[in-house]
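Notes to accompany the following structure.
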Amino acid sequence: MKYSILLFSFVFCLFSFKDFEIQWVENLAGDFSFSRKQSLKCEAWCYEYAGATEMIAKRLSKDKIECYTLGNTATHCTLHFYIINNLISNPRIELNSSADGKHTYLCNEGTIKMDKKAMQKGILKAAFDMKFDHPENPDKVMFWKGKIYIKI
């Protein structure tokens, strides 16, 4: 057990995560009518992705929220990130491939606009666009973008 913790700590230190700042807006414009039935409306290109409509946002502390999408029978990759104060931290795609095991793709570029008034009410209302490292094929852009509307 102690060796697995040590190995995880070592690997975690090897990866440099790209954090980026949140762009706060008073009232985020756009169509969020999807929120009556789902918490996420998005499009992505990544391995074993066939769509995602649900996201979880958990408050871990006063200044830290964990966010991640839910996979399904056809989608084996999930988007993960943390909201820490005014930053999106450690954004990544985690792939649990049915054919090739687990892989993590780190974000190398991203933007996110969040509704300040909604956040004050405990609601994550945001529009995002993220691009990820893609070592298997650097010429093909791996991305995930969309809108989120969910109670934290």
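Note on naming: chains are A, B, ... as they come in the structure tokens, residues start from 1 per chain, ligands start from 1 in the order shown.
Backbone DSSP assigns alpha helix (DSSP H) in chain A to Lys2, Tyr3, Ser4, Ile5, Leu6, Leu7, Phe8, Ser9, Phe10, Val11, Phe12, Cys13, Leu14, Lys116, Lys117, Ala118, Met119 and Gln120 of chain A.
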Which polymer residues have any atom within 12 Å of an atom of Lys140 of chain A, counting only C-alpha atoms, with same-chain residues fewer than 3 positions away left out, as a ChimeraX atom specification?
/A:45-47,131-137,143
Would you list, as an mmCIF file with N, CA, C and O atoms, in the first residue's frame, the residues of segment 78-132 of chain A that end up in strand (DSSP E or B) under DSSP run on this structure's backbone?
```cif
data_model
loop_
_atom_site.group_PDB
_atom_site.id
_atom_site.type_symbol
_atom_site.label_atom_id
_atom_site.label_comp_id
_atom_site.auth_asym_id
_atom_site.auth_seq_id
_atom_site.Cartn_x
_atom_site.Cartn_y
_atom_site.Cartn_z
ATOM 1 N N THR A 78 -14.242 10.618 -19.357
ATOM 2 C CA THR A 78 -14.912 11.605 -18.519
ATOM 3 C C THR A 78 -14.033 12.836 -18.383
ATOM 4 O O THR A 78 -12.808 12.739 -18.390
ATOM 5 N N LEU A 79 -14.678 13.984 -18.271
ATOM 6 C CA LEU A 79 -13.992 15.251 -18.065
ATOM 7 C C LEU A 79 -13.945 15.528 -16.573
ATOM 8 O O LEU A 79 -14.965 15.400 -15.888
ATOM 9 N N HIS A 80 -12.770 15.909 -16.050
ATOM 10 C CA HIS A 80 -12.586 16.206 -14.633
ATOM 11 C C HIS A 80 -11.869 17.547 -14.483
ATOM 12 O O HIS A 80 -10.950 17.842 -15.249
ATOM 13 N N PHE A 81 -12.264 18.323 -13.476
ATOM 14 C CA PHE A 81 -11.520 19.529 -13.115
ATOM 15 C C PHE A 81 -11.973 19.990 -11.741
ATOM 16 O O PHE A 81 -12.984 19.531 -11.206
ATOM 17 N N TYR A 82 -11.190 20.898 -11.157
ATOM 18 C CA TYR A 82 -11.519 21.510 -9.875
ATOM 19 C C TYR A 82 -11.691 23.000 -10.090
ATOM 20 O O TYR A 82 -11.005 23.601 -10.916
ATOM 21 N N ILE A 83 -12.591 23.595 -9.334
ATOM 22 C CA ILE A 83 -12.712 25.041 -9.279
ATOM 23 C C ILE A 83 -12.125 25.433 -7.927
ATOM 24 O O ILE A 83 -12.636 25.019 -6.885
ATOM 25 N N ILE A 84 -11.027 26.177 -7.973
ATOM 26 C CA ILE A 84 -10.363 26.625 -6.749
ATOM 27 C C ILE A 84 -10.221 28.138 -6.841
ATOM 28 O O ILE A 84 -9.450 28.640 -7.658
ATOM 29 N N LEU A 87 -9.663 29.868 -10.278
ATOM 30 C CA LEU A 87 -8.961 29.024 -11.237
ATOM 31 C C LEU A 87 -9.723 27.744 -11.541
ATOM 32 O O LEU A 87 -10.404 27.198 -10.678
ATOM 33 N N ILE A 88 -9.551 27.267 -12.762
ATOM 34 C CA ILE A 88 -9.905 25.897 -13.112
ATOM 35 C C ILE A 88 -8.597 25.138 -12.988
ATOM 36 O O ILE A 88 -7.616 25.452 -13.653
ATOM 37 N N SER A 89 -8.576 24.141 -12.117
ATOM 38 C CA SER A 89 -7.337 23.434 -11.791
ATOM 39 C C SER A 89 -7.419 21.975 -12.219
ATOM 40 O O SER A 89 -8.458 21.334 -12.075
ATOM 41 N N ASN A 90 -6.299 21.483 -12.711
ATOM 42 C CA ASN A 90 -6.124 20.086 -13.067
ATOM 43 C C ASN A 90 -7.193 19.572 -14.041
ATOM 44 O O ASN A 90 -7.739 18.489 -13.847
ATOM 45 N N PRO A 91 -7.518 20.311 -15.108
ATOM 46 C CA PRO A 91 -8.500 19.803 -16.072
ATOM 47 C C PRO A 91 -7.884 18.665 -16.888
ATOM 48 O O PRO A 91 -6.745 18.756 -17.355
ATOM 49 N N ARG A 92 -8.670 17.585 -17.038
ATOM 50 C CA ARG A 92 -8.144 16.418 -17.731
ATOM 51 C C ARG A 92 -9.290 15.547 -18.223
ATOM 52 O O ARG A 92 -10.405 15.625 -17.715
ATOM 53 N N ILE A 93 -8.982 14.735 -19.205
ATOM 54 C CA ILE A 93 -9.887 13.691 -19.653
ATOM 55 C C ILE A 93 -9.331 12.378 -19.136
ATOM 56 O O ILE A 93 -8.144 12.085 -19.328
ATOM 57 N N GLU A 94 -10.180 11.616 -18.478
ATOM 58 C CA GLU A 94 -9.780 10.290 -18.017
ATOM 59 C C GLU A 94 -10.524 9.262 -18.859
ATOM 60 O O GLU A 94 -11.758 9.257 -18.899
ATOM 61 N N LEU A 95 -9.763 8.434 -19.539
ATOM 62 C CA LEU A 95 -10.312 7.389 -20.397
ATOM 63 C C LEU A 95 -10.134 6.051 -19.710
ATOM 64 O O LEU A 95 -9.020 5.689 -19.317
ATOM 65 N N ASN A 96 -11.215 5.330 -19.549
ATOM 66 C CA ASN A 96 -11.177 3.969 -19.037
ATOM 67 C C ASN A 96 -11.582 3.081 -20.204
ATOM 68 O O ASN A 96 -12.732 2.643 -20.309
ATOM 69 N N SER A 97 -10.620 2.826 -21.096
ATOM 70 C CA SER A 97 -10.885 2.144 -22.352
ATOM 71 C C SER A 97 -11.215 0.673 -22.140
ATOM 72 O O SER A 97 -10.537 -0.023 -21.390
ATOM 73 N N GLY A 101 -7.225 -0.036 -21.594
ATOM 74 C CA GLY A 101 -6.919 0.363 -20.221
ATOM 75 C C GLY A 101 -7.151 1.836 -19.948
ATOM 76 O O GLY A 101 -7.872 2.506 -20.664
ATOM 77 N N LYS A 102 -6.505 2.333 -18.908
ATOM 78 C CA LYS A 102 -6.715 3.708 -18.453
ATOM 79 C C LYS A 102 -5.658 4.654 -19.032
ATOM 80 O O LYS A 102 -4.485 4.319 -19.082
ATOM 81 N N HIS A 103 -6.145 5.837 -19.439
ATOM 82 C CA HIS A 103 -5.276 6.896 -19.959
ATOM 83 C C HIS A 103 -5.783 8.232 -19.427
ATOM 84 O O HIS A 103 -6.980 8.415 -19.234
ATOM 85 N N THR A 104 -4.863 9.170 -19.248
ATOM 86 C CA THR A 104 -5.211 10.520 -18.830
ATOM 87 C C THR A 104 -4.656 11.501 -19.852
ATOM 88 O O THR A 104 -3.496 11.412 -20.243
ATOM 89 N N TYR A 105 -5.498 12.430 -20.291
ATOM 90 C CA TYR A 105 -5.106 13.460 -21.249
ATOM 91 C C TYR A 105 -5.228 14.809 -20.552
ATOM 92 O O TYR A 105 -6.310 15.178 -20.087
ATOM 93 N N LEU A 106 -4.133 15.528 -20.464
ATOM 94 C CA LEU A 106 -4.081 16.796 -19.731
ATOM 95 C C LEU A 106 -4.467 17.961 -20.624
ATOM 96 O O LEU A 106 -4.136 17.987 -21.808
ATOM 97 N N CYS A 107 -5.121 18.927 -20.020
ATOM 98 C CA CYS A 107 -5.527 20.133 -20.732
ATOM 99 C C CYS A 107 -4.297 20.998 -21.019
ATOM 100 O O CYS A 107 -3.458 21.207 -20.151
ATOM 101 N N ASN A 108 -4.190 21.493 -22.239
ATOM 102 C CA ASN A 108 -3.083 22.384 -22.576
ATOM 103 C C ASN A 108 -3.572 23.797 -22.898
ATOM 104 O O ASN A 108 -2.779 24.708 -23.051
ATOM 105 N N GLU A 109 -4.892 23.960 -23.010
ATOM 106 C CA GLU A 109 -5.452 25.279 -23.319
ATOM 107 C C GLU A 109 -6.933 25.256 -22.950
ATOM 108 O O GLU A 109 -7.614 24.267 -23.196
ATOM 109 N N GLY A 110 -7.417 26.344 -22.361
ATOM 110 C CA GLY A 110 -8.827 26.346 -22.022
ATOM 111 C C GLY A 110 -9.361 27.709 -21.644
ATOM 112 O O GLY A 110 -8.614 28.593 -21.233
ATOM 113 N N THR A 111 -10.663 27.847 -21.812
ATOM 114 C CA THR A 111 -11.369 29.037 -21.358
ATOM 115 C C THR A 111 -12.668 28.588 -20.696
ATOM 116 O O THR A 111 -13.243 27.563 -21.072
ATOM 117 N N ILE A 112 -13.101 29.356 -19.710
ATOM 118 C CA ILE A 112 -14.388 29.098 -19.083
ATOM 119 C C ILE A 112 -14.966 30.418 -18.610
ATOM 120 O O ILE A 112 -14.257 31.247 -18.046
ATOM 121 N N LYS A 113 -16.231 30.626 -18.921
ATOM 122 C CA LYS A 113 -16.973 31.793 -18.437
ATOM 123 C C LYS A 113 -18.000 31.273 -17.449
ATOM 124 O O LYS A 113 -18.725 30.317 -17.747
ATOM 125 N N MET A 114 -18.048 31.906 -16.273
ATOM 126 C CA MET A 114 -18.994 31.495 -15.236
ATOM 127 C C MET A 114 -19.866 32.662 -14.817
ATOM 128 O O MET A 114 -19.405 33.790 -14.723
ATOM 129 N N ASP A 115 -21.114 32.332 -14.521
ATOM 130 C CA ASP A 115 -22.079 33.308 -14.065
ATOM 131 C C ASP A 115 -21.864 33.558 -12.570
ATOM 132 O O ASP A 115 -22.026 32.652 -11.753
ATOM 133 N N ILE A 123 -25.115 27.613 -7.715
ATOM 134 C CA ILE A 123 -25.367 26.994 -9.020
ATOM 135 C C ILE A 123 -24.165 27.251 -9.919
ATOM 136 O O ILE A 123 -23.700 28.388 -10.044
ATOM 137 N N LEU A 124 -23.671 26.197 -10.533
ATOM 138 C CA LEU A 124 -22.588 26.320 -11.502
ATOM 139 C C LEU A 124 -23.214 26.481 -12.883
ATOM 140 O O LEU A 124 -23.829 25.545 -13.416
ATOM 141 N N LYS A 125 -23.118 27.681 -13.416
ATOM 142 C CA LYS A 125 -23.613 28.006 -14.750
ATOM 143 C C LYS A 125 -22.415 28.502 -15.533
ATOM 144 O O LYS A 125 -21.839 29.538 -15.192
ATOM 145 N N ALA A 126 -22.013 27.741 -16.558
ATOM 146 C CA ALA A 126 -20.764 28.057 -17.231
ATOM 147 C C ALA A 126 -20.784 27.626 -18.693
ATOM 148 O O ALA A 126 -21.534 26.732 -19.087
ATOM 149 N N ALA A 127 -19.925 28.263 -19.476
ATOM 150 C CA ALA A 127 -19.634 27.872 -20.849
ATOM 151 C C ALA A 127 -18.129 27.667 -20.924
ATOM 152 O O ALA A 127 -17.363 28.511 -20.462
ATOM 153 N N PHE A 128 -17.687 26.535 -21.475
ATOM 154 C CA PHE A 128 -16.267 26.202 -21.471
ATOM 155 C C PHE A 128 -15.809 25.652 -22.815
ATOM 156 O O PHE A 128 -16.608 25.173 -23.618
ATOM 157 N N ASP A 129 -14.504 25.727 -23.025
ATOM 158 C CA ASP A 129 -13.855 25.179 -24.223
ATOM 159 C C ASP A 129 -12.442 24.784 -23.815
ATOM 160 O O ASP A 129 -11.654 25.636 -23.412
ATOM 161 N N MET A 130 -12.133 23.492 -23.896
ATOM 162 C CA MET A 130 -10.816 22.986 -23.474
ATOM 163 C C MET A 130 -10.207 22.114 -24.560
ATOM 164 O O MET A 130 -10.914 21.370 -25.236
ATOM 165 N N LYS A 131 -8.894 22.237 -24.678
ATOM 166 C CA LYS A 131 -8.128 21.396 -25.604
ATOM 167 C C LYS A 131 -7.113 20.597 -24.785
ATOM 168 O O LYS A 131 -6.614 21.082 -23.772
ATOM 169 N N PHE A 132 -6.795 19.390 -25.255
ATOM 170 C CA PHE A 132 -5.995 18.463 -24.465
ATOM 171 C C PHE A 132 -4.811 17.924 -25.242
ATOM 172 O O PHE A 132 -4.863 17.813 -26.472
#
```
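Taking atom CA of Ala50 of chain A as the reference point, atom CA of Leu70 of chain A is found at 11.9 Å.
For the pair atom CA of Lys37 of chain A and atom CA of Gly71 of chain A, the interatomic distance is 16.7 Å.
Computed from the coordinates, the atom CA of Ala57 of chain A to atom CA of Phe32 of chain A distance equals 17.0 Å.
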Given the choices A:Asp139, A:Met55, A:Lys62, A:Ser98, which gets closest to Thr75 of chain A if the distance is worked out from only C-alpha atoms?
A:Ser98
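The closest residue to Ala44 of chain A, picked from A:Lys116, A:Pro138, A:Cys77, A:Lys121 and counting only C-alpha atoms, is A:Cys77.
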